[in-house]
Structures are given as structure tokens and as C-alpha cells.
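Student: Handing over work13.cif, mmCIF, C-alpha atoms.
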```
data_upload
loop_
_atom_site.label_atom_id
_atom_site.label_comp_id
_atom_site.auth_asym_id
_atom_site.auth_seq_id
_atom_site.Cartn_x
_atom_site.Cartn_y
_atom_site.Cartn_z
CA MET E 1 -15.47 30.19 -11.32
CA ASN E 2 -16.78 32.97 -9.13
CA THR E 3 -13.32 34.32 -8.28
CA SER E 4 -10.70 36.43 -9.99
CA ALA E 5 -7.98 33.96 -8.92
CA THR E 6 -6.48 31.68 -11.53
CA ILE E 7 -7.05 27.93 -11.48
CA ILE E 8 -3.49 27.42 -10.25
CA GLU E 9 -4.02 29.92 -7.44
CA VAL E 10 -7.23 28.18 -6.36
CA ILE E 11 -5.46 24.80 -6.36
CA GLU E 12 -2.62 26.18 -4.24
CA GLU E 13 -5.11 27.75 -1.83
CA TRP E 14 -6.82 24.37 -1.52
CA MET E 15 -3.44 22.71 -0.96
CA GLN E 16 -2.65 25.07 1.91
CA ASN E 17 -5.94 24.23 3.62
CA LEU E 18 -5.60 20.45 3.37
CA ASP E 19 -4.85 18.70 6.66
CA VAL E 20 -3.03 15.73 5.12
CA MET E 21 0.48 14.33 4.80
CA GLU E 22 2.77 16.08 2.31
CA THR E 23 2.85 13.00 0.10
CA THR E 24 -0.96 12.95 -0.03
CA ARG E 25 -1.01 16.66 -0.84
CA ALA E 26 1.40 16.10 -3.72
CA SER E 27 -0.70 13.20 -5.01
CA TYR E 28 -3.88 15.32 -4.97
CA ARG E 29 -2.14 18.13 -6.80
CA THR E 30 -0.93 15.77 -9.55
CA LYS E 31 -4.37 14.21 -10.04
CA VAL E 32 -6.22 17.52 -10.16
CA MET E 33 -3.71 18.90 -12.68
CA LEU E 34 -4.28 15.84 -14.87
CA TRP E 35 -8.01 16.58 -14.73
CA PHE E 36 -7.46 20.11 -16.01
CA ARG E 37 -5.16 18.84 -18.75
CA TRP E 38 -7.88 16.45 -19.83
CA LEU E 39 -10.40 19.32 -19.92
CA ALA E 40 -8.03 21.27 -22.17
CA SER E 41 -7.67 18.27 -24.48
CA GLN E 42 -11.47 18.15 -24.75
CA ARG E 43 -11.65 21.90 -25.44
CA VAL E 44 -13.67 22.45 -22.26
CA ASP E 45 -13.27 25.78 -20.45
CA PRO E 46 -11.43 24.78 -17.23
CA ARG E 47 -13.24 27.52 -15.29
CA CYS E 48 -16.69 26.07 -15.91
CA PRO E 49 -16.73 22.27 -16.37
CA ALA E 50 -19.97 20.38 -15.80
CA ARG E 51 -20.76 17.19 -13.92
CA ARG E 52 -21.04 15.35 -17.24
CA HIS E 53 -17.40 16.17 -17.97
CA LEU E 54 -16.22 14.58 -14.73
CA LEU E 55 -18.30 11.48 -15.48
CA ALA E 56 -16.85 11.35 -19.01
CA TRP E 57 -13.31 11.56 -17.61
CA LYS E 58 -14.04 8.78 -15.15
CA GLN E 59 -15.43 6.59 -17.95
CA GLU E 60 -12.43 7.28 -20.17
CA LEU E 61 -10.05 6.22 -17.40
CA GLU E 62 -12.04 3.00 -17.02
CA ARG E 63 -11.98 2.36 -20.79
CA LYS E 64 -8.20 2.76 -20.78
CA GLY E 65 -7.95 -0.16 -18.39
CA ARG E 66 -7.06 1.73 -15.23
CA SER E 67 -7.87 -0.28 -12.12
CA ALA E 68 -10.96 0.58 -10.08
CA LEU E 69 -8.76 1.77 -7.22
CA THR E 70 -6.73 4.02 -9.54
CA VAL E 71 -9.84 5.56 -11.09
CA ASP E 72 -11.33 6.10 -7.67
CA GLY E 73 -8.16 7.85 -6.53
CA TYR E 74 -8.26 10.30 -9.44
CA VAL E 75 -11.96 11.04 -9.11
CA THR E 76 -11.75 11.41 -5.32
CA ALA E 77 -9.07 14.11 -5.62
CA VAL E 78 -11.19 16.09 -8.08
CA ARG E 79 -14.33 15.64 -5.95
CA LEU E 80 -12.50 17.02 -2.91
CA PHE E 81 -11.28 19.99 -4.94
CA TYR E 82 -14.79 20.97 -6.03
CA LYS E 83 -16.15 20.34 -2.56
CA TYR E 84 -13.64 22.91 -1.32
CA CYS E 85 -14.59 25.30 -4.14
CA ALA E 86 -18.29 24.96 -3.26
CA ALA E 87 -17.61 25.70 0.40
CA ARG E 88 -15.75 28.86 -0.62
CA GLY E 89 -18.47 29.90 -3.07
CA TYR E 90 -16.10 29.63 -6.03
CA TYR E 91 -18.00 26.96 -7.96
CA SER E 92 -20.71 24.34 -7.66
CA ASP E 93 -19.89 20.91 -6.26
CA ILE E 94 -19.95 19.00 -9.56
CA GLY E 95 -18.46 15.85 -7.96
CA ALA E 96 -21.10 15.38 -5.27
CA GLY E 97 -22.75 11.96 -5.46
CA ILE E 98 -20.48 10.50 -8.13
CA ARG E 99 -20.05 6.89 -7.13
CA SER E 100 -16.76 5.13 -6.57
CA SER E 101 -15.41 2.82 -9.25
CA VAL E 102 -14.57 0.35 -6.50
CA ARG E 103 -17.16 -2.38 -6.26
CA TYR E 104 -15.40 -5.14 -4.36
CA ARG E 105 -14.79 -4.24 -0.71
CA GLY E 106 -12.87 -7.36 0.21
CA HIS E 107 -9.25 -8.32 -0.19
CA ARG E 108 -8.07 -6.66 -3.41
CA LYS E 109 -4.44 -7.72 -3.54
CA GLY E 110 -3.00 -11.17 -3.93
CA ARG E 111 -0.56 -12.78 -1.53
CA LEU E 112 2.42 -15.10 -1.67
CA THR E 113 2.49 -18.58 -0.25
CA SER E 114 5.01 -19.24 2.51
CA GLU E 115 7.11 -21.14 -0.04
CA GLU E 116 7.08 -18.17 -2.45
CA ALA E 117 7.99 -15.78 0.38
CA ALA E 118 10.96 -17.96 1.31
CA ARG E 119 12.01 -18.20 -2.32
CA LEU E 120 11.84 -14.41 -2.68
CA LEU E 121 14.10 -13.79 0.32
CA ASP E 122 16.52 -16.58 -0.62
CA SER E 123 16.86 -15.28 -4.19
CA VAL E 124 18.56 -12.03 -3.17
CA ASP E 125 22.34 -12.05 -3.49
CA VAL E 126 23.69 -10.22 -0.42
CA ALA E 127 27.25 -9.98 -1.72
CA THR E 128 26.56 -6.38 -2.79
CA PHE E 129 25.31 -3.24 -1.04
CA LYS E 130 22.19 -3.25 -3.21
CA GLY E 131 21.45 -6.87 -2.37
CA LYS E 132 21.85 -6.31 1.37
CA ARG E 133 19.61 -3.23 1.18
CA ASP E 134 16.90 -4.91 -0.90
CA LYS E 135 16.75 -8.04 1.25
CA LEU E 136 16.35 -5.96 4.41
CA MET E 137 13.48 -4.01 2.83
CA LEU E 138 11.79 -7.21 1.67
CA ALA E 139 12.15 -8.69 5.16
CA LEU E 140 10.57 -5.62 6.77
CA MET E 141 7.53 -5.98 4.51
CA LEU E 142 7.24 -9.77 4.78
CA LEU E 143 7.97 -10.19 8.49
CA LEU E 144 6.65 -6.93 9.97
CA ALA E 145 3.94 -6.15 7.39
CA LEU E 146 5.32 -2.67 6.71
CA ARG E 147 3.86 -0.57 3.90
CA THR E 148 6.20 0.92 1.30
CA CYS E 149 5.58 4.41 2.76
CA GLU E 150 6.60 3.14 6.20
CA VAL E 151 9.78 1.58 4.78
CA GLU E 152 10.55 4.85 3.00
CA ARG E 153 10.42 6.82 6.27
CA VAL E 154 12.85 4.65 8.25
CA ASN E 155 15.98 6.45 9.48
CA ILE E 156 19.10 4.83 10.85
CA GLU E 157 18.32 5.76 14.48
CA ASP E 158 14.85 4.16 14.31
CA PHE E 159 16.51 0.82 15.01
CA ASP E 160 17.07 0.66 18.76
CA ARG E 161 17.48 -1.71 21.71
CA THR E 162 15.81 0.35 24.40
CA GLU E 163 12.64 -1.69 24.91
CA GLU E 164 13.62 -4.06 27.75
CA GLY E 165 16.75 -5.04 25.86
CA VAL E 166 14.73 -6.28 22.88
CA PRO E 167 15.72 -4.99 19.41
CA VAL E 168 12.91 -2.79 18.09
CA LEU E 169 12.14 -0.56 15.15
CA TYR E 170 10.25 2.69 15.64
CA ILE E 171 7.99 3.36 12.67
CA GLN E 172 5.79 6.18 11.40
CA ARG E 173 2.50 4.66 10.39
CA LYS E 174 0.53 5.75 7.35
CA GLY E 175 -1.35 8.95 8.19
CA ARG E 176 0.68 9.57 11.37
CA HIS E 177 3.15 12.37 11.98
CA GLU E 178 5.42 10.80 14.60
CA LYS E 179 7.45 7.65 15.07
CA VAL E 180 5.97 6.42 18.32
CA GLU E 181 5.17 2.79 17.56
CA ALA E 182 7.82 0.17 18.30
CA LEU E 183 7.90 -3.25 16.65
CA ALA E 184 10.02 -6.04 18.08
CA LEU E 185 12.49 -7.38 15.52
CA PRO E 186 12.96 -11.06 14.70
CA ASP E 187 16.52 -12.37 14.46
CA THR E 188 16.44 -12.40 10.65
CA ILE E 189 15.89 -8.65 10.44
CA VAL E 190 18.48 -7.89 13.14
CA SER E 191 21.07 -9.90 11.22
CA LEU E 192 20.20 -8.26 7.87
CA PHE E 193 20.27 -4.80 9.45
CA GLU E 194 23.71 -5.30 11.02
CA ASP E 195 25.09 -6.70 7.78
CA TYR E 196 23.68 -3.78 5.77
CA VAL E 197 24.78 -0.88 8.00
CA SER E 198 28.31 -2.29 8.24
CA LEU E 199 28.89 -1.07 4.68
CA ARG E 200 28.21 2.63 5.29
CA ALA E 201 28.94 5.24 7.93
CA PHE E 202 25.40 6.41 8.66
CA ARG E 203 24.72 9.56 10.67
CA PRO E 204 21.65 10.26 12.85
CA GLY E 205 18.79 11.64 10.80
CA GLU E 206 19.89 9.93 7.61
CA ALA E 207 17.57 7.68 5.65
CA LEU E 208 18.28 4.01 6.19
CA PHE E 209 17.43 3.11 2.61
CA GLU E 210 19.30 5.17 0.03
CA SER E 211 20.19 4.80 -3.62
CA ALA E 212 23.14 2.59 -4.38
CA TYR E 213 25.12 5.45 -5.92
CA ARG E 214 27.06 7.46 -3.34
CA LYS E 215 27.63 10.44 -5.64
CA ASN E 216 23.88 10.95 -6.02
CA SER E 217 22.65 9.33 -2.83
CA HIS E 218 19.08 10.06 -1.78
CA ARG E 219 16.27 8.49 0.23
CA LEU E 220 14.48 5.78 -1.73
CA ARG E 221 10.86 6.75 -2.32
CA ARG E 222 7.95 4.34 -2.24
CA THR E 223 7.77 4.16 -6.04
CA SER E 224 11.38 2.96 -6.18
CA ILE E 225 10.70 0.47 -3.38
CA SER E 226 7.67 -0.89 -5.27
CA GLN E 227 9.70 -1.19 -8.45
CA MET E 228 12.40 -3.10 -6.58
CA VAL E 229 9.80 -5.56 -5.27
CA HIS E 230 8.40 -6.10 -8.76
CA ARG E 231 11.90 -6.76 -10.14
CA ARG E 232 12.74 -9.20 -7.37
CA LEU E 233 9.44 -11.04 -7.87
CA ALA E 234 9.96 -11.19 -11.63
CA ASP E 235 13.43 -12.64 -11.06
CA ILE E 236 11.85 -15.72 -9.47
CA GLY E 237 9.07 -15.95 -12.03
CA ILE E 238 6.24 -14.37 -10.04
CA ILE E 239 4.48 -12.04 -12.48
CA ARG E 240 0.81 -11.86 -11.56
CA PRO E 241 -1.43 -8.77 -11.91
CA ASN E 242 -2.67 -9.00 -8.34
CA ILE E 243 0.79 -9.32 -6.79
CA THR E 244 2.30 -5.96 -5.85
CA ALA E 245 4.63 -4.59 -3.19
CA HIS E 246 1.60 -4.28 -0.89
CA SER E 247 1.07 -8.03 -1.33
CA LEU E 248 4.04 -8.64 0.96
CA ARG E 249 2.11 -6.96 3.79
CA HIS E 250 -0.94 -9.08 2.96
CA THR E 251 1.24 -12.18 2.93
CA CYS E 252 2.50 -11.41 6.44
CA ALA E 253 -1.02 -10.79 7.72
CA CYS E 254 -2.42 -14.03 6.26
CA LEU E 255 0.52 -16.09 7.53
CA MET E 256 -0.04 -14.67 11.02
CA VAL E 257 -3.70 -15.69 10.91
CA GLU E 258 -2.83 -19.15 9.54
CA SER E 259 -0.30 -19.56 12.37
CA GLY E 260 -3.05 -18.97 14.94
CA VAL E 261 -2.26 -15.37 15.94
CA ASP E 262 -5.41 -13.74 17.37
CA LEU E 263 -7.05 -10.91 15.41
CA GLU E 264 -6.30 -8.25 18.04
CA THR E 265 -2.58 -8.96 17.81
CA VAL E 266 -2.68 -9.01 14.00
CA ARG E 267 -4.57 -5.69 14.14
CA ASP E 268 -1.85 -4.14 16.29
CA MET E 269 0.93 -5.49 14.06
CA LEU E 270 -0.74 -3.98 10.99
CA GLY E 271 -1.54 -0.68 12.68
CA HIS E 272 -5.29 -0.91 12.06
CA THR E 273 -7.58 1.14 14.28
CA THR E 274 -10.25 -1.58 14.48
CA THR E 275 -10.42 -5.33 13.86
CA ASN E 276 -13.01 -4.78 11.11
CA THR E 277 -10.26 -4.19 8.55
CA THR E 278 -8.11 -6.98 9.98
CA ARG E 279 -11.01 -9.41 9.74
CA ILE E 280 -10.59 -9.37 5.95
CA TYR E 281 -7.45 -11.50 6.35
CA ALA E 282 -9.20 -13.99 8.59
CA GLU E 283 -12.01 -14.28 6.05
CA GLU E 284 -9.54 -14.91 3.23
CA VAL E 285 -7.69 -17.56 5.20
CA HIS E 286 -11.00 -19.22 6.04
CA ALA E 287 -12.02 -19.16 2.36
CA ARG E 288 -8.74 -20.84 1.39
CA MET E 289 -9.24 -23.47 4.08
CA LEU E 290 -12.70 -24.20 2.69
CA ILE E 291 -11.11 -24.86 -0.69
CA ARG E 292 -8.35 -27.11 0.68
CA ASN E 293 -10.55 -28.92 3.20
CA THR E 294 -14.06 -28.57 1.89
CA PRO E 295 -16.80 -30.05 4.13
CA ALA E 296 -18.37 -31.29 0.89
CA ARG E 297 -16.04 -34.27 1.07
CA LEU E 298 -17.38 -35.18 4.52
CA VAL E 299 -20.94 -34.99 3.20
CA GLU E 300 -19.92 -37.10 0.22
CA LYS E 301 -18.36 -39.67 2.56
CA ALA E 302 -21.47 -39.77 4.77
CA ILE E 303 -23.75 -40.36 1.80
CA GLU E 304 -21.45 -43.02 0.32
CA SER E 305 -21.20 -44.88 3.64
CA SER E 306 -25.00 -44.96 4.00
CA ARG E 307 -25.50 -46.74 0.68
CA ARG E 308 -26.38 -50.39 0.82
CA PRO E 309 -24.99 -52.84 -1.71
CA ALA E 310 -27.57 -53.59 -4.39
CA GLY E 311 -29.43 -56.93 -4.08
#
```
Write out the structure in this file as C-alpha cells.

Tutor:
Amino acid sequence: MNTSATIIEVIEEWMQNLDVMETTRASYRTKVMLWFRWLASQRVDPRCPARRHLLAWKQELERKGRSALTVDGYVTAVRLFYKYCAARGYYSDIGAGIRSSVRYRGHRKGRLTSEEAARLLDSVDVATFKGKRDKLMLALMLLLALRTCEVERVNIEDFDRTEEGVPVLYIQRKGRHEKVEALALPDTIVSLFEDYVSLRAFRPGEALFESAYRKNSHRLRRTSISQMVHRRLADIGIIRPNITAHSLRHTCACLMVESGVDLETVRDMLGHTTTNTTRIYAEEVHARMLIRNTPARLVEKAIESSRRPAG
């Protein structure tokens, strides 16, 4: 590198110049540090890696069975780091032009059927604090299509009744810095919320979802929320590679489309900026309808009815 600063110092300088959420900054730091550890394991000087080394790392991640999205996340972080270094004149942009591992641009995660969603919610025992907490989180993802990061950010005062007397939840969307969006709450969530908060004396500013242990209470992070969803799904026998915590959001979106909700409304519920992303759900629902009610049967029937008996 064309600088007297250490690798760590360059990384921290890059961190300070990133205009991203703190969680994204932390994720980038972790991924770039893993890259430098890999270079050390390959006996490559970390101050002068070549493009071929980044390609080799990408290929090794793929060989180890990492998903295309995971590999792309790692490589993207490193590409951004060297793009910053090139702009500062520290090093060449060795990541420029390296293609994404992601090939399929459609719907990548699976979804639950309405029966599976009902079974998931009904399976949670709400006799305990943990059960009440978990069922409320599951309901927020299944009924309001919240992401795990949005569930993580919810504070006690974000539940309110100020919008024309209707119970609402103010949320901080992914990539946003303020809680300005209000979502109307269905009766199920209102009931679960009231049941849950009755067990603890919450104060303004406190996280709504905390660990179950009062002595070491802390805000549940998205990784813990995802793990909870996986455990709850496994408890009812749903263990499929394409079913994740994010699948609950996809389930909500697809059920809205199947119920006849227009794309603009689904877009607003999901917090998408355009309907192009939302259209993915409509396309999936349409594809499923083609399987259940294929027009091929109508063609078959037309051909069969046109046949004349022999003789």
C-alpha cells in the first residue's frame, strides 16, 4: 500500500468515511478482517494482494458451500474497501469488475403456507415470559412483514394509539435513521402486546424485546431473533434450507397478494421504494397459481371434447 498507515488504520479510516448504518459498518469490518486473515493463511502479504487472490478467496468460499448471497456479501465488502483505497491513492482497485456470485434475481427465500403460519403461531406456549415475547415477535413478522432488524429496533414507546384512535407501531425501516412510519396493528398483535408488557415494568427508551434473564437483560439482536425463529419452526417440523426468519416477511407479502391486496399497498406495507421489488411476490403467487390451476387442463379438455367416437 502507498501509505505509512497500518492495515488496521486504513480500515478504521474507511469505516469513519462510510455513510451507512452502524450495523452495516460492523458487518463490513468483520468481512474485511476475515479477508485479511485468509491472506495471512495463504502467506500473502496483506499490503499487496492481487486480483487473483480475491478471486481465489471467492472461489474457496463457494467450494465450502457458502450461499451465493453470503459469498456476494463478503466479496462486496472487500470490493468497497479497495475502491476506497484506490480513490485515496493507497492501492489499486483489485475488486473492480469481479462479478457477483448471485445469479438468480428472483425470489430467493421460501415461504410458509397459511396453514404452516397458523401452526407456527399456535405452537407457542404463552404461559411464560419467553413464550409471550416470542409469539409477539413472530406475529410482527408474519402479520406486518417486519424484518428482523426492524423487530430488533422496537422500543416500548413505539406502540401508540395516536393515529385517529387506531393502535399503531412506529418502526425504523432498514436503511433509515428515524422511526417515522406507522403501521396499523391488527387485534392479534394488540392482544399479544398487552399480554407481554403486563409482565414487566418497561420504561421509555427501553427495548421491547429483551433477553429472558433479568440479571443480564439486554436488547435482543437480529441474530438471536433469527435463531428463535429457526427453533420455533423446527419445533413444528419445518426444517427446510430455504426457510429462514426472512421467510416470515415473504409469507406475509405473498398472502397479501393472494388475498387480493393491490401491489401499491403491498409495496407500502413492505417499505419498498418502488413496485419493481414488490412485483416479485406477485410473480411468485402467479407461478403457484399456474401450478395449481394450469391452463393445460383446459386445453386437454378442449382436445378431448373435440374427439369423435371411432367408427

Student: Write out as a PyMOL selection string each polymer residue whose atoms come within 12 Å of region 60-77 of chain E, counting all atoms listed in the file; drop sequence neighbours fewer than 6 positions from it.

Tutor: chain E and resi 11+14-15+18+24-36+38+42+51+53-54+83-84+94-105+108-109+241-242

Student: Return as a list in words the set of residues that the PyMOL selection byres ((chain E and resi 279) around 10) yields on the displayed structure.

Tutor: Gly106, Val257, Leu263, Glu264, Val266, Arg267, Thr274, Thr275, Asn276, Thr277, Thr278, Ile280, Tyr281, Ala282, Glu283, Glu284 and Val285 of chain E

Student: Between E:Thr244, E:Ser211, E:Thr265, E:Thr6, which residue has the minimum interatomic distance to Tyr90 (chain E), considering all atoms listed in the file?

Tutor: E:Thr6

Student: Quote the spacing between CA of Glu150 (chain E) and CA of Tyr213 (chain E) in Å to one decimal place.

Tutor: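 Calculated distance between CA of Glu150 (chain E) and CA of Tyr213 (chain E) is 22.3 Å.
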
Student: Could you please determine the separation between CA of Glu210 (chain E) and CA of Lys130 (chain E) in Å, to one decimal place?

Tutor: 9.5 Å

Student: Would you give me, as a Markdown table, each residue of region 187-297 of chain E having an atom within 10 Å of an atom of region 167-173 of chain E, along with its shortest atom pair and that distance in Å to one decimal, using all atoms listed in the file and sorting by chain and residue number?

Tutor:
```
| residue | atom | partner | partner_atom | distance |
| --- | --- | --- | --- | --- |
| E:Asp187 | CA | E:Pro167 | CA | 8.9 |
| E:Ile189 | CA | E:Pro167 | CA | 9.7 |
| E:Val190 | CA | E:Pro167 | CA | 7.4 |
| E:Leu270 | CA | E:Arg173 | CA | 9.2 |
| E:Gly271 | CA | E:Arg173 | CA | 7.1 |
| E:His272 | CA | E:Arg173 | CA | 9.7 |
```

Student: Using only C-alpha atoms, can you tell me which of E:Ile7, E:Cys252, E:Met137, E:Leu55 comes closest to Arg232 (chain E)?

Tutor: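 Among E:Ile7, E:Cys252, E:Met137, E:Leu55, it is E:Met137 that comes nearest to Arg232 (chain E).
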
Student: From the list E:Ile239, E:Cys254, E:Ala56, E:Thr23, which residue is nearest Glu152 (chain E) when using all atoms listed in the file?

Tutor: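 Among the listed residues, E:Thr23 lies closest to Glu152 (chain E).
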
Student: In Å to one decimal, how far is CA of Leu208 (chain E) from CA of Asp158 (chain E)?

Tutor: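 Taking CA of Asp158 (chain E) and CA of Leu208 (chain E), their separation equals 8.8 Å.
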
Student: Enumerate, as a list of chain:residue names, the residues matched when the PyMOL selection byres ((chain E and resi 238) around 12) is run on the file above.

Tutor: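 Here the PyMOL selection byres ((chain E and resi 238) around 12) matches E:Gly110, E:Arg111, E:Leu112, E:Thr113, E:Glu116, E:Ala117, E:Arg119, E:Leu120, E:Val229, E:His230, E:Arg231, E:Arg232, E:Leu233, E:Ala234, E:Asp235, E:Ile236, E:Gly237, E:Ile239, E:Arg240, E:Pro241, E:Asn242, E:Ile243, E:Thr244, E:Ser247.
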
Student: Under the rule that only C-alpha atoms are counted, which of E:Glu157, E:Glu206, E:Ile225, E:Pro49 is the nearest residue to Leu136 (chain E)?

Tutor: E:Ile225

Student: Which residue, E:Thr294, E:Ser92, E:Thr251, E:Asn17, has the smallest gap to Arg47 (chain E) when you use only C-alpha atoms?

Tutor: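 The shortest atom-to-atom distance to Arg47 (chain E) comes from E:Ser92.
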
Student: What does the PyMOL selection byres ((chain E and resi 126) around 12) select in this file, as a list in words?

Tutor: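 Going through the file, the PyMOL selection byres ((chain E and resi 126) around 12) ends up selecting Leu121, Asp122, Ser123, Val124, Asp125, Ala127, Thr128, Phe129, Lys130, Gly131, Lys132, Arg133, Asp134, Lys135, Leu136, Ser191, Leu192, Phe193, Asp195, Tyr196 and Leu199 of chain E.
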